[in-house]
Amino acid sequence: MKTILPLIAAALFAASPTAAAPRAWTSVAAPVATGSYLIGNPKARVRLVEILSYTCPHCAHFAAKSDASIKAMVRSGTLAIELRNQLHDKIDLAAATLARCAGPAAFPAVHAAFLARQREWIDRAIEWDQANGARVATYPQAAQLRALADGAGLTAIAREAGVTPAAIEACFANENAMNATLKVSQSTEAAAGTPAFIVNGKMIQTVTWAQLQPMLRAAGAR
């Protein structure tokens, strides 16, 4: 009996479930009522809305400066960030539509890649549009966006970030995805420019990351 009891105890401990690993909140995205995506813990004490444009150089600069700190806050579960696109031009519309079509699983990676590689694809997009814009102007609008996204290299970046060819095809098969992106942009009209922010319901405009970070800390993001 004395030898059996330790063996039983050892077996029970071995069978006990281990503690659940922390949720990888930086990879968790979900659509919200505005039609945009929320990344992070939906019950986070701090809700940050970033109003951005993929063709806005200030937005790319903000992303580069804030990326590591924001990811740490999201990873902790204390901050969730909703990303709303304010559209400035047709290149922006093509990028934002494609990013939304990535779906929840791939959206965080596509969003980050579009901003990190902005200088690369935006120059290509402008050059491609100047050379081909008149030719594709007779296409249906969704087809025009697809051609522009292809010419800019955006679809290639999206595929590298995990978007399937089938999802890209479906994205531009009709105008539904484009119209949904336009609707998201309409919800940003209160923002005079990009990037702009809403922290727990309060609009904050024309701030740098150095100014915004202490506001998030004071609200409870860690």
# chains A, B, ... in the order shown; residues from 1 in each chain; ligands from 1

call {"tool": "residues_around", "arguments": {"residues": "stretch 53-58 of chain A", "least_positions_apart": "5", "cutoff": "7 Å", "atoms": "only C-alpha atoms", "output": "list in words"}}
result
Asn85, Gln86, Leu87, His88, Asp92, Ala95, Phe114, Leu115, Thr194 and Pro195 of chain A

call {"tool": "select_by_dssp", "arguments": {"residues": "stretch 5-220 of chain A", "states": "strand (DSSP E)", "output": "ChimeraX atom specification"}}
result
/A:29-31,37-40,46-52,79-85,196-199,202-205

call {"tool": "write_last_selection", "arguments": {"atoms": "N, CA and C atoms", "output": "PDB file, in the first residue's frame"}}
result
ATOM      1  N   ALA A  29      -8.500  39.457 -33.289  1.00  0.00           N
ATOM      2  CA  ALA A  29      -9.244  40.556 -33.903  1.00  0.00           C
ATOM      3  C   ALA A  29     -10.694  40.139 -34.091  1.00  0.00           C
ATOM      4  N   ALA A  30     -11.590  41.092 -33.916  1.00  0.00           N
ATOM      5  CA  ALA A  30     -13.012  40.807 -34.084  1.00  0.00           C
ATOM      6  C   ALA A  30     -13.695  42.028 -34.693  1.00  0.00           C
ATOM      7  N   PRO A  31     -14.645  41.801 -35.605  1.00  0.00           N
ATOM      8  CA  PRO A  31     -15.381  42.935 -36.164  1.00  0.00           C
ATOM      9  C   PRO A  31     -16.284  43.558 -35.105  1.00  0.00           C
ATOM     10  N   TYR A  37     -12.237  46.659 -37.155  1.00  0.00           N
ATOM     11  CA  TYR A  37     -11.780  45.540 -36.342  1.00  0.00           C
ATOM     12  C   TYR A  37     -11.242  46.032 -34.999  1.00  0.00           C
ATOM     13  N   LEU A  38     -11.516  45.259 -33.968  1.00  0.00           N
ATOM     14  CA  LEU A  38     -10.964  45.490 -32.636  1.00  0.00           C
ATOM     15  C   LEU A  38      -9.913  44.419 -32.380  1.00  0.00           C
ATOM     16  N   ILE A  39      -8.700  44.855 -32.034  1.00  0.00           N
ATOM     17  CA  ILE A  39      -7.618  43.930 -31.708  1.00  0.00           C
ATOM     18  C   ILE A  39      -7.405  43.944 -30.203  1.00  0.00           C
ATOM     19  N   GLY A  40      -7.443  42.765 -29.598  1.00  0.00           N
ATOM     20  CA  GLY A  40      -7.186  42.664 -28.165  1.00  0.00           C
ATOM     21  C   GLY A  40      -8.361  42.146 -27.370  1.00  0.00           C
ATOM     22  N   VAL A  46      -9.194  49.775 -21.113  1.00  0.00           N
ATOM     23  CA  VAL A  46      -8.969  50.932 -21.977  1.00  0.00           C
ATOM     24  C   VAL A  46      -9.296  50.546 -23.413  1.00  0.00           C
ATOM     25  N   ARG A  47     -10.175  51.318 -24.023  1.00  0.00           N
ATOM     26  CA  ARG A  47     -10.525  51.112 -25.433  1.00  0.00           C
ATOM     27  C   ARG A  47      -9.975  52.298 -26.226  1.00  0.00           C
ATOM     28  N   LEU A  48      -9.021  52.009 -27.087  1.00  0.00           N
ATOM     29  CA  LEU A  48      -8.431  53.025 -27.952  1.00  0.00           C
ATOM     30  C   LEU A  48      -8.951  52.842 -29.365  1.00  0.00           C
ATOM     31  N   VAL A  49      -9.519  53.885 -29.925  1.00  0.00           N
ATOM     32  CA  VAL A  49      -9.895  53.893 -31.335  1.00  0.00           C
ATOM     33  C   VAL A  49      -8.857  54.730 -32.070  1.00  0.00           C
ATOM     34  N   GLU A  50      -8.211  54.128 -33.047  1.00  0.00           N
ATOM     35  CA  GLU A  50      -7.288  54.883 -33.897  1.00  0.00           C
ATOM     36  C   GLU A  50      -7.942  55.098 -35.248  1.00  0.00           C
ATOM     37  N   ILE A  51      -8.063  56.347 -35.630  1.00  0.00           N
ATOM     38  CA  ILE A  51      -8.605  56.709 -36.937  1.00  0.00           C
ATOM     39  C   ILE A  51      -7.404  56.983 -37.832  1.00  0.00           C
ATOM     40  N   LEU A  52      -7.276  56.203 -38.881  1.00  0.00           N
ATOM     41  CA  LEU A  52      -6.057  56.247 -39.678  1.00  0.00           C
ATOM     42  C   LEU A  52      -6.345  56.129 -41.158  1.00  0.00           C
ATOM     43  N   LEU A  79      -5.512  46.842 -22.761  1.00  0.00           N
ATOM     44  CA  LEU A  79      -5.817  47.763 -23.860  1.00  0.00           C
ATOM     45  C   LEU A  79      -6.346  46.985 -25.054  1.00  0.00           C
ATOM     46  N   ALA A  80      -7.417  47.491 -25.641  1.00  0.00           N
ATOM     47  CA  ALA A  80      -7.911  46.974 -26.918  1.00  0.00           C
ATOM     48  C   ALA A  80      -7.935  48.152 -27.886  1.00  0.00           C
ATOM     49  N   ILE A  81      -7.557  47.912 -29.118  1.00  0.00           N
ATOM     50  CA  ILE A  81      -7.466  48.992 -30.098  1.00  0.00           C
ATOM     51  C   ILE A  81      -8.348  48.702 -31.303  1.00  0.00           C
ATOM     52  N   GLU A  82      -9.241  49.630 -31.575  1.00  0.00           N
ATOM     53  CA  GLU A  82     -10.102  49.537 -32.758  1.00  0.00           C
ATOM     54  C   GLU A  82      -9.499  50.401 -33.850  1.00  0.00           C
ATOM     55  N   LEU A  83      -9.375  49.856 -35.046  1.00  0.00           N
ATOM     56  CA  LEU A  83      -8.734  50.538 -36.158  1.00  0.00           C
ATOM     57  C   LEU A  83      -9.780  50.913 -37.201  1.00  0.00           C
ATOM     58  N   ARG A  84     -10.030  52.209 -37.323  1.00  0.00           N
ATOM     59  CA  ARG A  84     -11.030  52.709 -38.275  1.00  0.00           C
ATOM     60  C   ARG A  84     -10.330  53.461 -39.393  1.00  0.00           C
ATOM     61  N   ASN A  85     -10.647  53.095 -40.602  1.00  0.00           N
ATOM     62  CA  ASN A  85     -10.026  53.734 -41.763  1.00  0.00           C
ATOM     63  C   ASN A  85     -10.792  54.975 -42.185  1.00  0.00           C
ATOM     64  N   ALA A 196      -6.020  60.212 -35.661  1.00  0.00           N
ATOM     65  CA  ALA A 196      -6.773  60.780 -34.548  1.00  0.00           C
ATOM     66  C   ALA A 196      -7.161  59.616 -33.647  1.00  0.00           C
ATOM     67  N   PHE A 197      -7.531  59.919 -32.416  1.00  0.00           N
ATOM     68  CA  PHE A 197      -7.739  58.857 -31.431  1.00  0.00           C
ATOM     69  C   PHE A 197      -8.970  59.146 -30.572  1.00  0.00           C
ATOM     70  N   ILE A 198      -9.571  58.072 -30.111  1.00  0.00           N
ATOM     71  CA  ILE A 198     -10.639  58.155 -29.123  1.00  0.00           C
ATOM     72  C   ILE A 198     -10.233  57.227 -27.980  1.00  0.00           C
ATOM     73  N   VAL A 199     -10.067  57.785 -26.795  1.00  0.00           N
ATOM     74  CA  VAL A 199      -9.679  57.005 -25.620  1.00  0.00           C
ATOM     75  C   VAL A 199     -10.863  56.927 -24.674  1.00  0.00           C
ATOM     76  N   LYS A 202     -13.425  59.530 -25.518  1.00  0.00           N
ATOM     77  CA  LYS A 202     -13.010  60.932 -25.640  1.00  0.00           C
ATOM     78  C   LYS A 202     -12.117  61.115 -26.858  1.00  0.00           C
ATOM     79  N   MET A 203     -12.536  62.018 -27.759  1.00  0.00           N
ATOM     80  CA  MET A 203     -11.765  62.290 -28.967  1.00  0.00           C
ATOM     81  C   MET A 203     -10.505  63.078 -28.640  1.00  0.00           C
ATOM     82  N   ILE A 204      -9.371  62.633 -29.189  1.00  0.00           N
ATOM     83  CA  ILE A 204      -8.082  63.297 -29.007  1.00  0.00           C
ATOM     84  C   ILE A 204      -7.439  63.430 -30.384  1.00  0.00           C
ATOM     85  N   GLN A 205      -7.116  64.644 -30.779  1.00  0.00           N
ATOM     86  CA  GLN A 205      -6.560  64.865 -32.107  1.00  0.00           C
ATOM     87  C   GLN A 205      -5.206  65.581 -32.010  1.00  0.00           C
TER      88      GLN A 205
END

call {"tool": "residues_around", "arguments": {"residues": "A:Gln144", "least_positions_apart": "5", "cutoff": "10 Å", "atoms": "only C-alpha atoms", "output": "list of chain:residue names"}}
result
A:Lys90, A:Ala94, A:Gly133, A:Arg135, A:Val136, A:Ala137, A:Thr138, A:Tyr139, A:Ala149, A:Asp150, A:Phe172

call {"tool": "closest_residue", "arguments": {"among": "A:Thr206, A:Asn41, A:Thr34, A:Asn174", "to": "A:Ser76", "atoms": "only C-alpha atoms"}}
result
A:Asn41

call {"tool": "residues_around", "arguments": {"residues": "A:Pro165", "least_positions_apart": "6", "cutoff": "12 Å", "atoms": "only C-alpha atoms", "output": "PyMOL selection string"}}
result
chain A and resi 98+101-102+155-159+171-172

call {"tool": "atom_distance", "arguments": {"atom1": "atom CA of A:Thr181", "atom2": "atom CA of A:Ala68"}}
result
27.2 Å

call {"tool": "closest_residue", "arguments": {"among": "A:Ala72, A:Ala44, A:Ala24, A:Ile122", "to": "A:Gly151", "atoms": "only C-alpha atoms"}}
result
A:Ile122

call {"tool": "closest_residue", "arguments": {"among": "A:Met73, A:Ile168, A:Ala152, A:Val163", "to": "A:Arg124", "atoms": "only C-alpha atoms"}}
result
A:Ala152
